file query-v4.csv (CSV, C-alpha atoms)
chain,number,residue,atom,x,y,z
A,1,MET,CA,83.8,81.7,128.5
A,2,SER,CA,87.0,82.0,126.4
A,3,VAL,CA,88.9,83.7,123.6
A,4,LEU,CA,91.2,82.1,121.2
A,5,VAL,CA,93.3,84.0,118.6
A,6,GLN,CA,95.2,81.7,116.4
A,7,GLU,CA,96.8,81.3,113.0
A,8,GLN,CA,95.7,77.8,112.3
A,9,ALA,CA,92.3,76.8,111.0
A,10,PHE,CA,89.6,75.7,113.4
A,11,GLU,CA,86.7,73.2,113.2
A,12,VAL,CA,83.3,74.8,113.7
A,13,ARG,CA,81.9,71.6,115.3
A,14,GLU,CA,84.6,71.6,118.0
A,15,GLN,CA,83.7,75.2,118.9
A,16,TYR,CA,80.1,74.3,119.4
A,17,GLU,CA,81.1,71.3,121.6
A,18,GLN,CA,83.4,73.6,123.6
A,19,VAL,CA,80.6,76.0,124.4
A,20,LEU,CA,78.1,73.3,125.2
A,21,SER,CA,80.5,71.3,127.4
A,22,ASN,CA,81.0,74.3,129.6
A,23,SER,CA,77.5,75.8,129.6
A,24,PRO,CA,74.7,73.6,128.4
A,25,GLY,CA,72.1,76.3,128.1
A,26,ALA,CA,68.7,76.1,126.5
A,27,ALA,CA,69.8,78.1,123.5
A,28,LEU,CA,73.1,78.2,121.5
A,29,VAL,CA,73.6,80.7,118.8
A,30,ALA,CA,76.7,80.9,116.7
A,31,PHE,CA,78.1,82.9,113.8
A,32,THR,CA,80.9,81.8,111.5
A,33,GLY,CA,82.6,84.3,109.2
A,34,TYR,CA,84.4,83.1,106.1
A,35,VAL,CA,86.8,84.8,103.6
A,36,ARG,CA,84.7,86.2,100.7
A,37,ASP,CA,85.7,85.6,97.1
A,38,ILE,CA,84.9,89.2,96.0
A,39,CYS,CA,85.4,92.7,97.3
A,40,ASP,CA,84.7,96.2,96.0
A,41,TYR,CA,87.9,96.1,94.0
A,42,GLY,CA,87.7,92.6,92.3
A,43,VAL,CA,88.1,88.9,93.0
A,44,VAL,CA,89.8,88.1,96.3
A,45,GLU,CA,92.6,85.5,96.3
A,46,ALA,CA,93.4,85.7,100.0
A,47,LEU,CA,92.8,87.8,103.1
A,48,GLU,CA,95.7,88.8,105.3
A,49,LEU,CA,94.9,89.6,109.0
A,50,GLU,CA,97.2,91.3,111.4
A,51,HIS,CA,96.5,91.9,115.0
A,52,TYR,CA,98.0,93.4,118.2
A,53,PRO,CA,98.9,90.3,120.3
A,54,GLY,CA,97.9,90.6,123.9
A,55,MET,CA,95.7,93.6,123.3
A,56,THR,CA,93.5,91.7,120.9
A,57,GLU,CA,92.8,88.9,123.4
A,58,LYS,CA,92.0,91.5,126.1
A,59,VAL,CA,89.6,93.4,123.9
A,60,LEU,CA,87.8,90.3,122.8
A,61,ASP,CA,87.6,89.1,126.4
A,62,ASP,CA,86.1,92.4,127.5
A,63,ILE,CA,83.6,92.2,124.7
A,64,GLY,CA,82.6,88.7,125.7
A,65,MET,CA,82.3,89.6,129.4
A,66,ALA,CA,80.2,92.7,128.5
A,67,ALA,CA,77.8,90.5,126.4
A,68,ALA,CA,77.6,87.9,129.2
A,69,GLN,CA,76.6,90.5,131.8
A,70,ARG,CA,74.3,92.4,129.4
A,71,PHE,CA,72.4,89.3,128.1
A,72,SER,CA,72.8,86.9,131.1
A,73,LEU,CA,74.8,84.5,129.0
A,74,LEU,CA,75.6,81.1,130.4
A,75,GLY,CA,78.7,80.8,128.3
A,76,TRP,CA,80.5,82.3,125.3
A,77,ARG,CA,83.5,81.7,123.0
A,78,ILE,CA,85.3,83.8,120.4
A,79,VAL,CA,87.7,82.3,118.0
A,80,HIS,CA,89.5,84.6,115.6
A,81,ARG,CA,92.3,83.8,113.1
A,82,PHE,CA,95.2,85.9,111.8
A,83,GLY,CA,97.7,85.4,109.1
A,84,VAL,CA,97.0,84.7,105.4
A,85,LEU,CA,93.7,83.0,104.8
A,86,GLN,CA,92.4,81.7,101.4
A,87,GLU,CA,89.0,82.3,100.0
A,88,GLY,CA,86.4,80.2,101.8
A,89,GLU,CA,88.4,79.6,104.9
A,90,PRO,CA,86.8,80.4,108.3
A,91,ILE,CA,88.0,83.7,109.9
A,92,VAL,CA,85.9,84.1,113.0
A,93,TRP,CA,83.5,82.0,115.2
A,94,VAL,CA,81.4,83.4,117.9
A,95,GLY,CA,79.1,81.2,120.0
A,96,VAL,CA,76.9,82.0,123.0
A,97,ALA,CA,74.7,80.0,125.3
A,98,ALA,CA,71.8,81.4,127.2
A,99,ALA,CA,68.7,80.3,128.9
A,100,HIS,CA,66.5,81.7,126.2
A,101,ARG,CA,66.8,82.3,122.4
A,102,GLY,CA,66.4,86.1,122.6
A,103,GLU,CA,69.4,86.6,124.8
A,104,ALA,CA,71.4,84.1,122.8
A,105,PHE,CA,70.7,85.9,119.5
A,106,ALA,CA,71.3,89.3,121.0
A,107,GLY,CA,74.5,88.3,122.7
A,108,CYS,CA,76.0,86.8,119.6
A,109,GLN,CA,75.1,89.8,117.4
A,110,PHE,CA,76.4,92.2,120.1
A,111,ILE,CA,79.7,90.4,120.2
A,112,MET,CA,80.1,90.4,116.4
A,113,ASP,CA,79.0,94.0,115.9
A,114,THR,CA,81.3,95.2,118.7
A,115,LEU,CA,84.2,93.0,117.6
A,116,LYS,CA,84.1,94.5,114.1
A,117,THR,CA,84.8,98.0,115.4
A,118,ARG,CA,86.8,97.5,118.6
A,119,ALA,CA,89.1,94.5,118.1
A,120,PRO,CA,92.6,95.5,116.9
A,121,PHE,CA,92.7,93.6,113.6
A,122,TRP,CA,93.9,94.9,110.3
A,123,LYS,CA,92.8,93.3,107.0
A,124,LYS,CA,94.4,93.3,103.6
A,125,GLU,CA,92.6,91.8,100.6
A,126,HIS,CA,95.0,90.2,98.0
A,127,LEU,CA,93.4,90.4,94.6
A,128,LYS,CA,93.6,87.6,91.9
A,129,GLU,CA,94.3,90.3,89.3
A,130,GLY,CA,97.3,91.4,91.4
A,131,GLY,CA,97.8,94.0,94.1
A,132,ALA,CA,96.4,94.3,97.6
A,133,ILE,CA,94.0,96.7,99.4
A,134,TRP,CA,93.9,97.5,103.1
A,135,VAL,CA,90.2,97.2,104.2
A,136,ALA,CA,88.8,100.4,105.6
A,137,SER,CA,86.2,100.3,108.4
A,138,LYS,CA,82.7,100.5,107.2
A,139,GLU,CA,80.2,103.1,108.3
A,140,GLN,CA,77.5,100.4,108.7
A,141,ASP,CA,79.7,98.6,111.2
A,142,GLU,CA,80.3,101.8,113.2
A,143,GLN,CA,76.6,102.5,113.2
A,144,ARG,CA,75.7,99.0,114.5
A,145,GLU,CA,78.2,99.4,117.4
A,146,ARG,CA,76.8,102.9,118.2
A,147,GLU,CA,73.3,101.4,118.3
A,148,TRP,CA,74.4,98.8,120.8
A,149,ARG,CA,76.2,101.4,122.9
A,150,ASP,CA,73.2,103.7,122.9
A,151,SER,CA,70.5,101.0,123.5
A,152,THR,CA,69.2,100.0,126.9
A,153,LEU,CA,68.6,96.3,125.9

call {"tool": "encode", "arguments": {"input": "query-v4.csv", "output": "structure tokens"}}
result
Amino acid sequence: MSVLVQEQAFEVREQYEQVLSNSPGAALVAFTGYVRDICDYGVVEALELEHYPGMTEKVLDDIGMAAAQRFSLLGWRIVHRFGVLQEGEPIVWVGVAAAHRGEAFAGCQFIMDTLKTRAPFWKKEHLKEGGAIWVASKEQDEQREREWRDSTL
């Protein structure tokens, strides 16, 4: 059970191995998010992520611990990058291990949905045509987080 916030790229396979080495559960579910090549305003050249050091790690740890308690996870790991990332580079990796697939899928989705709204990250999309746009939070992300908060699962 760990959080890693870093500027350098990470290897997805290494993250899987990290979760499995600490908690070889019957089910492992993971999500990897990558920098998209397009946005609402055009073609994306790069994504710049800023964060609040210290607070970011604490919030991510709280989210992971809440998921572990809620879904009886055997293990979990959150890796999130910051800095300037190019199109196609990995941004975030979330992996969870549980005794059963239902808890693993739910735990992973809970972490991602909650991370999107609660973690103190700020994103700026740099466009190939020039200029940059700060990314606003999306109502659908807020709605997903509210559904988790209001559910009794």

call {"tool": "closest_residue", "arguments": {"input": "query-v4.csv", "among": "A:Lys128, A:Arg81, A:Lys116, A:Arg149", "to": "A:Tyr34", "atoms": "only C-alpha atoms"}}
result
A:Arg81

call {"tool": "residues_around", "arguments": {"input": "query-v4.csv", "residues": "A:Val92", "least_positions_apart": "5", "cutoff": "10 Å", "atoms": "all atoms listed in the file", "output": "compact mmCIF listing (two decimals) with C-alpha atoms, in the coordinates of the input"}}
result
# COMPACT_ATOMS: atom_id res chain seq x y z
CA LEU A 4 91.20 82.10 121.20
CA VAL A 5 93.30 84.00 118.60
CA ALA A 9 92.30 76.80 111.00
CA PHE A 10 89.60 75.70 113.40
CA VAL A 12 83.30 74.80 113.70
CA PHE A 31 78.10 82.90 113.80
CA THR A 32 80.90 81.80 111.50
CA GLY A 33 82.60 84.30 109.20
CA TYR A 34 84.40 83.10 106.10
CA VAL A 35 86.80 84.80 103.60
CA ILE A 78 85.30 83.80 120.40
CA VAL A 79 87.70 82.30 118.00
CA HIS A 80 89.50 84.60 115.60
CA ARG A 81 92.30 83.80 113.10
CA PHE A 82 95.20 85.90 111.80
CA MET A 112 80.10 90.40 116.40

call {"tool": "atom_distance", "arguments": {"input": "query-v4.csv", "atom1": "atom CA of A:Ala67", "atom2": "atom CA of A:Ser2"}}
result
12.5 Å

call {"tool": "closest_residue", "arguments": {"input": "query-v4.csv", "among": "A:Arg146, A:Arg77, A:His100, A:Arg70", "to": "A:Arg118", "atoms": "all atoms listed in the file"}}
result
A:Arg146

call {"tool": "closest_residue", "arguments": {"input": "query-v4.csv", "among": "A:Gly95, A:Leu73, A:Tyr41, A:Cys108", "to": "A:Tyr16", "atoms": "only C-alpha atoms"}}
result
A:Gly95

call {"tool": "closest_residue", "arguments": {"input": "query-v4.csv", "among": "A:Ser21, A:Ala99, A:Glu142, A:Trp134", "to": "A:Thr114", "atoms": "only C-alpha atoms"}}
result
A:Glu142

call {"tool": "closest_residue", "arguments": {"input": "query-v4.csv", "among": "A:Glu139, A:Asp113, A:Glu87, A:Glu14", "to": "A:Val44", "atoms": "all atoms listed in the file"}}
result
A:Glu87

call {"tool": "atom_distance", "arguments": {"input": "query-v4.csv", "atom1": "atom CA of A:Trp93", "atom2": "atom CA of A:Val3"}}
result
10.1 Å

call {"tool": "closest_residue", "arguments": {"input": "query-v4.csv", "among": "A:Leu60, A:Ala132, A:Ile38, A:Met1", "to": "A:Gln15", "atoms": "only C-alpha atoms"}}
result
A:Met1

call {"tool": "atom_distance", "arguments": {"input": "query-v4.csv", "atom1": "atom CA of A:Glu48", "atom2": "atom CA of A:Trp122"}}
result
8.1 Å

call {"tool": "residues_near_point", "arguments": {"input": "query-v4.csv", "point": "(74.1, 93.7, 122.7)", "cutoff": "10 Å", "atoms": "only C-alpha atoms", "output": "list in words"}}
result
Ile63, Ala66, Ala67, Ala68, Gln69, Arg70, Phe71, Glu103, Ala104, Phe105, Ala106, Gly107, Cys108, Gln109, Phe110, Ile111, Met112, Asp113, Thr114, Arg144, Glu145, Glu147, Trp148, Arg149, Ser151, Thr152 and Leu153 of chain A

call {"tool": "residues_near_point", "arguments": {"input": "query-v4.csv", "point": "(96.9, 93.9, 92.9)", "cutoff": "12 Å", "atoms": "only C-alpha atoms", "output": "mmCIF file with C-alpha atoms, in the frame of the given file"}}
result
data_model
loop_
_atom_site.group_PDB
_atom_site.id
_atom_site.type_symbol
_atom_site.label_atom_id
_atom_site.label_comp_id
_atom_site.auth_asym_id
_atom_site.auth_seq_id
_atom_site.Cartn_x
_atom_site.Cartn_y
_atom_site.Cartn_z
ATOM 1 C CA TYR A 41 87.900 96.100 94.000
ATOM 2 C CA GLY A 42 87.700 92.600 92.300
ATOM 3 C CA VAL A 43 88.100 88.900 93.000
ATOM 4 C CA VAL A 44 89.800 88.100 96.300
ATOM 5 C CA GLU A 45 92.600 85.500 96.300
ATOM 6 C CA ALA A 46 93.400 85.700 100.000
ATOM 7 C CA LYS A 124 94.400 93.300 103.600
ATOM 8 C CA GLU A 125 92.600 91.800 100.600
ATOM 9 C CA HIS A 126 95.000 90.200 98.000
ATOM 10 C CA LEU A 127 93.400 90.400 94.600
ATOM 11 C CA LYS A 128 93.600 87.600 91.900
ATOM 12 C CA GLU A 129 94.300 90.300 89.300
ATOM 13 C CA GLY A 130 97.300 91.400 91.400
ATOM 14 C CA GLY A 131 97.800 94.000 94.100
ATOM 15 C CA ALA A 132 96.400 94.300 97.600
ATOM 16 C CA ILE A 133 94.000 96.700 99.400
ATOM 17 C CA TRP A 134 93.900 97.500 103.100
#
